[in-house]
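A.B. asks: The structure's right below; bear with me while I get my questions together.
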Amino acid sequence: MRFFYYLVCFLFFSFSNAQINISQSKNDNDLKLTALPYYSFGKGLGLTSPDSLFQLNIRFRMQNRVTYIENDGENGAYDGQIRRLRLRFDGYVGNPKFLYAIQLSFAPGDVGEIKEGENLNIIRDAVVFYRPNNHWNVSFGQTKLPGNRQRINSSGGLQLSDRTINNARFTIDRDFGFQVHNINEYLDKFSYNFKAAVSTGEGRNSTDNPDDGIAVTGKAELFPFGAFAKDGTNFEGDIVREKKPKLMISGAFQQNNHARRTQGQLGNDLFEQRTMKSVLLDGMFKYNGWAAMASYMSRTTNENAVTINPLDVTQSNYAFVGNGFDYQLSYNTKKNYEFIGRYSIQKVGRDIEAFTPNTKQYSLGVTKYIWEHAFKVQAEINYDTLDYFDGTTKNNWYLRFQVEIGI
């Protein structure tokens with residue numbers, strides 16, 4: 001409780017001494033909410049009341065894809081689906097200092113299978129903000145935590161159709177709680193951001209019985225040569241063709257106390273709670289159409305990651321522990337054809353190596369930007385090597401075509 005007391009005192013002191021200076025032109029309905037760094041080439045459909053006391057901005061996007069898949073030892077198969085279908089509302093009420101954001105998802109892969117006793121996962125973001133000036137941003141509700149760069153970025157701002165295998169296993173994703181962001185970004189000089197969050201640690205839309213465990217997250221971002229043009233850290237690839245070299249280095253840490261799920265905020269339920277620690281490091285570089293990204297992610301637990309069902313010792317589940325590296329390089333031509341290569345290595349922790357393989361992933365892709373990331377056509381080939389504890393190896397691959405469009 002003492003921690004929450006100090007947090008409240010800090011916020012009160014910061015707000016009471018903050019100068020109110022929100023730079024927003026009358027024709028600009030892009031609110032740039034730092035806890036939701038979504039990519040947006042346009043600004044959606046905006047409505048503002050005649051007295052300027054209310055603003056509503058509406059956006060949508062969808063991803064349609066078809067994939068040919070060949071897994072080792074299985075017949076080839078075709079998969080066609082609406083991968084993502086999102087509807088988003090944001091704006092302010094009464095004053096631009098008091099903002100809100102709502103994001104809903106409707107695609108089957110987003111909502112997930114409906115299971116008895118579990119909540120329907122339509123709500124992705126439902127969060128209110130207090131932004132006293134351009135340097136401070138405080139939020140309360142459900143949204144993304146300040147974790148690894150690729151997860152923070154919208155799936156609409158990706159170069160390839162999906163995030164990496166390490167992001168799928170080690171990310172900290174969305175949660176319900178408080179966040180405080182201190183933003184200090186300038187185009188032509190050293191810049192930095194500090195972000196912190198205190199959240200439930202249970203993931204989105206959780207209504208499980210409450211416990212005494214919380215998740216604490218902290219992150220620092222450094223920009224040695226100044227901030228990227230057009231908030232360029234919020235999307236992959238150098239689609240704006242940076243005129244000067246730009247670099248971002250960031251590090252995040254989270255401790256999720258008494259986590260109930262296999263991946264902290266994500267995954268299936270564990271039979272016993274585990275305290276998990278995550279380390280997330282990122283680097284991003286862009287210049288004249290070239291873009292490079294590298295990341296490291298890891299998760300550890302306070303005790304053995306494997307949990308046993310106390311009612312049936314033949315049943316077990318495990319926290320996904322281990323670490324991984326991702327490397328990504330791309331070049332965007334002046335005609336907005338981008339060529340992308342990515343390599344990922346994932347090594348599982350010793351506790352779980354008998355249950356799940358170490359994995360390497362190789363990806364090559366071509367993207368045609370019609371309207372930057374808001375309207376693009378993507379093609380890629382992906383090859384996975386899975387090395388199992390018993391010495392066997394499996395090789396899987398897929399070929400994918402995807403179209404994304406949104407406002």
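Here, A, B, ... name the chains of the structure tokens in the order displayed, residue numbers run from 1 inside each chain, and ligands are numbered from 1 in the same displayed order.
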Tell me which protein, DNA and RNA residues are within 12 Å of A:Phe401, counting only C-alpha atoms, leaving out same-chain ones fewer than 2 positions away, and put them as a ChimeraX atom specification.
C.D. replies: /A:63-69,78-81,83,160-162,365-368,376-382,398-399,403-404
A.B. asks: Residues as selected, C-alpha atoms, written as a PDB file, in the first residue's frame, can you do that?
C.D. replies:
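What ended up in part_36.pdb:
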```pdb
ATOM      1  CA  GLN A  63      -6.333  -7.758 -42.761  1.00  0.00           C
ATOM      2  CA  ASN A  64      -7.402 -10.431 -45.242  1.00  0.00           C
ATOM      3  CA  ARG A  65      -4.972 -13.264 -45.950  1.00  0.00           C
ATOM      4  CA  VAL A  66      -4.549 -16.602 -47.649  1.00  0.00           C
ATOM      5  CA  THR A  67      -1.770 -19.035 -46.674  1.00  0.00           C
ATOM      6  CA  TYR A  68      -0.389 -22.289 -48.052  1.00  0.00           C
ATOM      7  CA  ILE A  69       1.107 -24.343 -45.189  1.00  0.00           C
ATOM      8  CA  TYR A  78      -4.693 -23.847 -47.514  1.00  0.00           C
ATOM      9  CA  ASP A  79      -5.963 -21.334 -44.971  1.00  0.00           C
ATOM     10  CA  GLY A  80      -7.981 -18.234 -45.808  1.00  0.00           C
ATOM     11  CA  GLN A  81      -9.167 -15.878 -43.102  1.00  0.00           C
ATOM     12  CA  ARG A  83      -6.877 -12.175 -39.586  1.00  0.00           C
ATOM     13  CA  LEU A 160       5.555  -8.768 -42.396  1.00  0.00           C
ATOM     14  CA  SER A 161       2.117 -10.232 -41.776  1.00  0.00           C
ATOM     15  CA  ASP A 162       2.855 -11.391 -38.210  1.00  0.00           C
ATOM     16  CA  GLY A 365       8.849 -10.706 -47.672  1.00  0.00           C
ATOM     17  CA  VAL A 366       7.887  -8.093 -50.239  1.00  0.00           C
ATOM     18  CA  THR A 367       5.441  -5.301 -49.453  1.00  0.00           C
ATOM     19  CA  LYS A 368       3.915  -2.758 -51.810  1.00  0.00           C
ATOM     20  CA  LYS A 376      -0.651  -2.259 -48.502  1.00  0.00           C
ATOM     21  CA  VAL A 377      -0.205  -5.616 -50.219  1.00  0.00           C
ATOM     22  CA  GLN A 378       2.157  -8.173 -48.668  1.00  0.00           C
ATOM     23  CA  ALA A 379       3.700 -11.478 -49.758  1.00  0.00           C
ATOM     24  CA  GLU A 380       6.092 -13.583 -47.700  1.00  0.00           C
ATOM     25  CA  ILE A 381       7.623 -17.001 -47.245  1.00  0.00           C
ATOM     26  CA  ASN A 382       8.427 -18.344 -43.795  1.00  0.00           C
ATOM     27  CA  TYR A 398       4.295 -21.412 -45.368  1.00  0.00           C
ATOM     28  CA  LEU A 399       3.660 -18.998 -48.225  1.00  0.00           C
ATOM     29  CA  VAL A 403      -3.992  -7.204 -48.040  1.00  0.00           C
ATOM     30  CA  GLU A 404      -4.480  -4.581 -45.344  1.00  0.00           C
TER      31      GLU A 404
END
```
A.B. asks: Can you check which residues of stretch 31-190 of chain A DSSP gives as strand (DSSP E or B) on the backbone and send them as JSON, numbers by chain?
C.D. replies: {"A": [45, 46, 47, 48, 54, 55, 56, 57, 58, 59, 60, 61, 62, 63, 64, 65, 66, 67, 68, 69, 70, 77, 78, 79, 80, 81, 82, 83, 84, 85, 86, 87, 88, 89, 90, 91, 92, 93, 95, 96, 97, 98, 99, 100, 101, 102, 103, 104, 105, 123, 124, 125, 126, 127, 128, 129, 130, 131, 132, 133, 136, 137, 138, 139, 140, 141, 142, 143, 144, 174, 175, 176, 177, 178, 179, 180, 181, 182, 183, 184]}
A.B. asks: Out of A:Leu247, A:Val279, A:Leu187, A:Val313, which residue has the shortest atom-to-atom distance to A:Lys219 when counting only C-alpha atoms?
C.D. replies: A:Val279
A.B. asks: Would you mind listing what lies within 12 Å of A:Lys243 as a VMD selection string, with only C-alpha atoms counted and same-chain residues fewer than 6 positions away left out?
C.D. replies: chain A and resid 187 to 188 225 228 to 229 286 to 290
A.B. asks: Since we have the selection now, will you write its residues out, keeping all heavy atoms, as a short mmCIF file (atom, residue, chain, number, x, y, z; two decimals), in the first residue's frame?
C.D. replies:
```
data_model
loop_
_atom_site.label_atom_id
_atom_site.label_comp_id
_atom_site.auth_asym_id
_atom_site.auth_seq_id
_atom_site.Cartn_x
_atom_site.Cartn_y
_atom_site.Cartn_z
N LEU A 187 13.19 16.44 -32.75
CA LEU A 187 13.66 15.89 -34.02
C LEU A 187 15.17 15.97 -34.19
O LEU A 187 15.77 15.09 -34.80
CB LEU A 187 12.97 16.60 -35.19
CG LEU A 187 11.50 16.24 -35.43
CD1 LEU A 187 10.93 17.07 -36.57
CD2 LEU A 187 11.36 14.75 -35.76
N ASP A 188 15.82 17.02 -33.67
CA ASP A 188 17.22 17.26 -34.01
C ASP A 188 18.16 17.24 -32.83
O ASP A 188 19.28 17.75 -32.91
CB ASP A 188 17.34 18.61 -34.74
CG ASP A 188 16.59 18.61 -36.06
OD1 ASP A 188 16.69 17.61 -36.79
OD2 ASP A 188 15.90 19.59 -36.34
N PHE A 225 20.14 10.50 -31.83
CA PHE A 225 20.18 11.48 -32.92
C PHE A 225 18.86 12.23 -33.08
O PHE A 225 18.61 12.86 -34.10
CB PHE A 225 20.53 10.79 -34.24
CG PHE A 225 21.72 9.90 -34.15
CD1 PHE A 225 21.68 8.60 -34.64
CD2 PHE A 225 22.90 10.34 -33.57
CE1 PHE A 225 22.79 7.77 -34.55
CE2 PHE A 225 24.01 9.51 -33.47
CZ PHE A 225 23.95 8.23 -33.97
N PHE A 228 12.39 10.11 -34.49
CA PHE A 228 12.13 9.74 -35.87
C PHE A 228 11.06 10.65 -36.47
O PHE A 228 10.17 11.14 -35.76
CB PHE A 228 11.66 8.29 -35.97
CG PHE A 228 12.72 7.27 -35.65
CD1 PHE A 228 13.34 7.23 -34.41
CD2 PHE A 228 13.09 6.33 -36.59
CE1 PHE A 228 14.30 6.29 -34.11
CE2 PHE A 228 14.05 5.37 -36.31
CZ PHE A 228 14.67 5.36 -35.07
N ALA A 229 11.11 10.86 -37.78
CA ALA A 229 10.09 11.65 -38.47
C ALA A 229 8.75 10.93 -38.42
O ALA A 229 8.69 9.69 -38.49
CB ALA A 229 10.50 11.89 -39.92
N LYS A 286 16.96 3.72 -38.83
CA LYS A 286 16.37 4.04 -40.13
C LYS A 286 17.17 5.15 -40.81
O LYS A 286 17.59 6.11 -40.15
CB LYS A 286 14.92 4.50 -39.99
CG LYS A 286 13.95 3.44 -39.48
CD LYS A 286 12.51 3.95 -39.49
CE LYS A 286 11.55 2.90 -38.93
NZ LYS A 286 10.15 3.35 -38.99
N TYR A 287 17.34 4.99 -42.13
CA TYR A 287 18.01 6.05 -42.90
C TYR A 287 17.83 5.79 -44.39
O TYR A 287 18.17 4.72 -44.88
CB TYR A 287 19.50 6.11 -42.56
CG TYR A 287 20.28 7.10 -43.40
CD1 TYR A 287 19.94 8.47 -43.41
CD2 TYR A 287 21.33 6.69 -44.20
CE1 TYR A 287 20.64 9.38 -44.18
CE2 TYR A 287 22.05 7.59 -44.96
CZ TYR A 287 21.70 8.94 -44.96
OH TYR A 287 22.39 9.84 -45.73
N ASN A 288 17.27 6.76 -45.10
CA ASN A 288 17.20 6.77 -46.56
C ASN A 288 16.63 5.48 -47.15
O ASN A 288 17.13 4.94 -48.12
CB ASN A 288 18.60 7.03 -47.13
CG ASN A 288 18.56 7.43 -48.60
OD1 ASN A 288 17.60 8.05 -49.05
ND2 ASN A 288 19.58 7.06 -49.34
N GLY A 289 15.55 4.99 -46.56
CA GLY A 289 14.88 3.79 -47.06
C GLY A 289 15.33 2.51 -46.40
O GLY A 289 14.63 1.50 -46.50
N TRP A 290 16.48 2.52 -45.73
CA TRP A 290 16.96 1.34 -45.01
C TRP A 290 16.41 1.33 -43.59
O TRP A 290 16.30 2.38 -42.96
CB TRP A 290 18.48 1.32 -44.95
CG TRP A 290 19.13 1.02 -46.26
CD1 TRP A 290 19.59 1.92 -47.18
CD2 TRP A 290 19.39 -0.28 -46.81
NE1 TRP A 290 20.12 1.28 -48.27
CE2 TRP A 290 20.00 -0.09 -48.06
CE3 TRP A 290 19.15 -1.58 -46.36
CZ2 TRP A 290 20.38 -1.14 -48.88
CZ3 TRP A 290 19.53 -2.64 -47.17
CH2 TRP A 290 20.14 -2.42 -48.42
#
```
A.B. asks: Figure out the distance between atom CA of A:Leu281 and atom CA of A:Leu36, please, to one decimal in Å.
C.D. replies: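 Answer for the atom CA of A:Leu36 to atom CA of A:Leu281 separation: 19.2 Å.
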A.B. asks: What separation in Å, quoted to one decimal, exists between atom CA of A:Ser154 and atom CA of A:Arg400?
C.D. replies: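 Interatomic distance here is 19.8 Å.
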A.B. asks: Just checking: using only C-alpha atoms, which residue out of A:Arg61, A:Asn148, A:His373, A:Ala77 ends up closest to A:Phe106?
C.D. replies: A:Arg61
